[in-house]
file final_29.cif (mmCIF, C-alpha atoms)
data_structure
loop_
_atom_site.label_atom_id
_atom_site.label_comp_id
_atom_site.auth_asym_id
_atom_site.auth_seq_id
_atom_site.Cartn_x
_atom_site.Cartn_y
_atom_site.Cartn_z
CA MET A 174 7.53 10.70 9.08
CA ASN A 175 4.82 13.32 8.68
CA GLY A 176 5.52 15.03 5.33
CA HIS A 177 3.66 13.71 2.31
CA ALA A 178 5.47 12.78 -0.91
CA PRO A 179 3.30 12.13 -3.99
CA VAL A 180 3.69 8.72 -5.63
CA SER A 181 4.22 8.28 -9.35
CA CYS A 182 1.27 7.65 -11.66
CA ALA A 183 2.95 4.42 -12.82
CA PHE A 184 3.11 3.11 -9.22
CA HIS A 185 -0.53 4.08 -8.64
CA ASP A 186 -1.54 2.35 -11.89
CA ARG A 187 0.31 -0.85 -10.89
CA LEU A 188 -1.63 -0.91 -7.63
CA GLU A 189 -4.94 -0.38 -9.45
CA VAL A 190 -4.23 -3.35 -11.74
CA ALA A 191 -3.26 -5.51 -8.73
CA ILE A 192 -6.55 -4.55 -7.03
CA MET A 193 -8.60 -5.52 -10.10
CA ARG A 194 -6.78 -8.87 -10.32
CA ARG A 195 -6.73 -9.47 -6.54
CA GLN A 196 -3.03 -10.11 -7.08
CA ARG A 197 -0.85 -10.99 -4.10
CA LEU A 198 2.04 -8.58 -3.63
CA ASN A 199 5.19 -8.72 -1.55
CA GLY A 200 5.18 -5.40 0.24
CA SER A 201 7.48 -3.57 2.60
CA TRP A 202 6.70 -0.29 4.28
CA ARG A 203 7.42 1.91 7.24
CA ASP A 204 4.72 2.94 9.67
CA GLY A 205 4.19 6.35 11.27
CA ASP A 206 6.83 5.58 13.91
CA GLY A 207 9.39 4.54 11.28
CA ALA A 208 9.20 0.81 12.08
CA LYS A 209 9.69 -1.41 9.03
CA HIS A 210 7.17 -4.09 8.07
CA ALA A 211 7.15 -6.69 5.29
CA GLU A 212 4.59 -9.30 4.30
CA THR A 213 2.51 -10.61 1.44
CA ILE A 214 -0.61 -8.50 0.96
CA VAL A 215 -3.69 -8.51 -1.26
CA PRO A 216 -4.57 -4.95 -2.26
CA LEU A 217 -8.28 -4.11 -1.92
CA ASP A 218 -8.81 -0.40 -2.53
CA LEU A 219 -7.11 2.98 -2.98
CA SER A 220 -8.35 6.19 -1.39
CA ALA A 221 -7.26 9.73 -0.61
CA ARG A 222 -7.91 11.72 2.56
CA GLU A 223 -6.58 15.16 3.42
CA GLY A 224 -4.11 15.10 0.54
CA VAL A 225 -2.64 11.68 1.42
CA GLU A 226 -3.15 8.49 -0.62
CA TRP A 227 -3.87 5.19 1.11
CA LEU A 228 -3.98 1.51 0.19
CA ARG A 229 -6.37 -0.80 2.00
CA ALA A 230 -5.09 -4.37 1.86
CA ARG A 231 -5.49 -7.78 3.48
CA GLY A 232 -2.41 -9.08 5.24
CA ALA A 233 -1.10 -12.65 5.22
CA ALA A 234 -3.06 -13.48 8.40
CA GLY A 235 -6.29 -12.07 6.96
CA ASN A 236 -6.00 -8.82 8.90
CA GLU A 237 -6.93 -5.53 7.24
CA LEU A 238 -4.11 -3.06 6.70
CA VAL A 239 -4.35 0.61 5.75
CA LEU A 240 -1.02 1.69 4.29
CA ARG A 241 0.08 5.15 3.32
CA LEU A 242 1.28 4.97 -0.30
CA ASP A 243 4.28 7.22 0.15
CA TRP A 244 5.55 4.99 2.97
CA LEU A 245 5.52 1.86 0.78
CA GLU A 246 9.10 1.00 -0.11
CA LEU A 247 8.66 -2.08 -2.23
CA VAL A 248 5.70 -3.76 -3.87
CA SER A 249 6.30 -6.69 -6.22
CA PRO A 250 4.18 -9.63 -7.40
CA GLY A 251 4.03 -12.31 -4.74
#
call {"tool": "encode", "arguments": {"input": "final_29.cif", "output": "structure tokens"}}
result
Amino acid sequence: MNGHAPVSCAFHDRLEVAIMRRQRLNGSWRDGDGAKHAETIVPLDLSAREGVEWLRARGAAGNELVLRLDWLELVSPG
């Protein structure tokens, strides 16, 4: 899972609004090894490094997550 796929502007905008509102989201994603994860997250910040976009979020247990946007499969209000 190395290739980067850009995300839509609409998806990016939804995440920005959720960050501003500190809105809980139900998220599911795959990690770099292809393992699937799902939990309620609170998005904190968006960033870009080396042409890849990232979401920094707080997980259900209070842990910090850094998720690659193009590996997010589902994000809905939680």
call {"tool": "closest_residue", "arguments": {"input": "final_29.cif", "among": "A:Ala211, A:Asp243, A:Leu238, A:Gly200", "to": "Glu226 in chain A", "atoms": "all atoms listed in the file"}}
result
A:Asp243
call {"tool": "atom_distance", "arguments": {"input": "final_29.cif", "atom1": "CA of Asn199 in chain A", "atom2": "CA of Ile214 in chain A"}}
result
6.3 Å
call {"tool": "resolve_selection", "arguments": {"input": "final_29.cif", "expression": "the PyMOL selection byres ((chain A and resi 234) around 10)", "output": "PyMOL selection string"}}
result
chain A and resi 212-214+231-233+235-237
call {"tool": "write_last_selection", "arguments": {"input": "final_29.cif", "atoms": "C-alpha atoms", "output": "tab-separated table (two decimals), in the coordinates of the input"}}
result
chain	number	residue	atom	x	y	z
A	212	GLU	CA	4.59	-9.30	4.30
A	213	THR	CA	2.51	-10.61	1.44
A	214	ILE	CA	-0.61	-8.50	0.96
A	231	ARG	CA	-5.49	-7.78	3.48
A	232	GLY	CA	-2.41	-9.08	5.24
A	233	ALA	CA	-1.10	-12.65	5.22
A	235	GLY	CA	-6.29	-12.07	6.96
A	236	ASN	CA	-6.00	-8.82	8.90
A	237	GLU	CA	-6.93	-5.53	7.24
call {"tool": "closest_residue", "arguments": {"input": "final_29.cif", "among": "A:Val190, A:Ala183, A:Val225, A:Leu240", "to": "Trp202 in chain A", "atoms": "all atoms listed in the file"}}
result
A:Leu240
call {"tool": "atom_distance", "arguments": {"input": "final_29.cif", "atom1": "CA of Leu228 in chain A", "atom2": "CA of Arg241 in chain A"}}
result
6.3 Å
call {"tool": "atom_distance", "arguments": {"input": "final_29.cif", "atom1": "CA of Leu247 in chain A", "atom2": "CA of Ala221 in chain A"}}
result
19.9 Å
call {"tool": "residues_around", "arguments": {"input": "final_29.cif", "residues": "His210 in chain A", "least_positions_apart": "5", "cutoff": "10 Å", "atoms": "only C-alpha atoms", "output": "CSV table (one decimal) with C-alpha atoms, in the coordinates of the input"}}
result
chain,number,residue,atom,x,y,z
A,200,GLY,CA,5.2,-5.4,0.2
A,201,SER,CA,7.5,-3.6,2.6
A,202,TRP,CA,6.7,-0.3,4.3
A,203,ARG,CA,7.4,1.9,7.2
A,204,ASP,CA,4.7,2.9,9.7
A,245,LEU,CA,5.5,1.9,0.8
A,246,GLU,CA,9.1,1.0,-0.1
call {"tool": "resolve_selection", "arguments": {"input": "final_29.cif", "expression": "the PyMOL selection byres ((chain A and resi 178) around 10)", "output": "VMD selection string"}}
result
chain A and resid 175 to 177 179 to 181 224 to 226 242 to 244
call {"tool": "residues_around", "arguments": {"input": "final_29.cif", "residues": "Gln196 in chain A", "least_positions_apart": "3", "cutoff": "8 Å", "atoms": "only C-alpha atoms", "output": "mmCIF file with C-alpha atoms, keeping the file's coordinate frame"}}
result
data_model
loop_
_atom_site.group_PDB
_atom_site.id
_atom_site.type_symbol
_atom_site.label_atom_id
_atom_site.label_comp_id
_atom_site.auth_asym_id
_atom_site.auth_seq_id
_atom_site.Cartn_x
_atom_site.Cartn_y
_atom_site.Cartn_z
ATOM 1 C CA ALA A 191 -3.260 -5.510 -8.730
ATOM 2 C CA ILE A 192 -6.550 -4.550 -7.030
ATOM 3 C CA MET A 193 -8.600 -5.520 -10.100
ATOM 4 C CA VAL A 215 -3.690 -8.510 -1.260
ATOM 5 C CA PRO A 216 -4.570 -4.950 -2.260
ATOM 6 C CA PRO A 250 4.180 -9.630 -7.400
ATOM 7 C CA GLY A 251 4.030 -12.310 -4.740
#
call {"tool": "closest_residue", "arguments": {"input": "final_29.cif", "among": "A:Ala230, A:Ser249, A:Lys209, A:Leu217", "to": "Arg194 in chain A", "atoms": "only C-alpha atoms"}}
result
A:Leu217
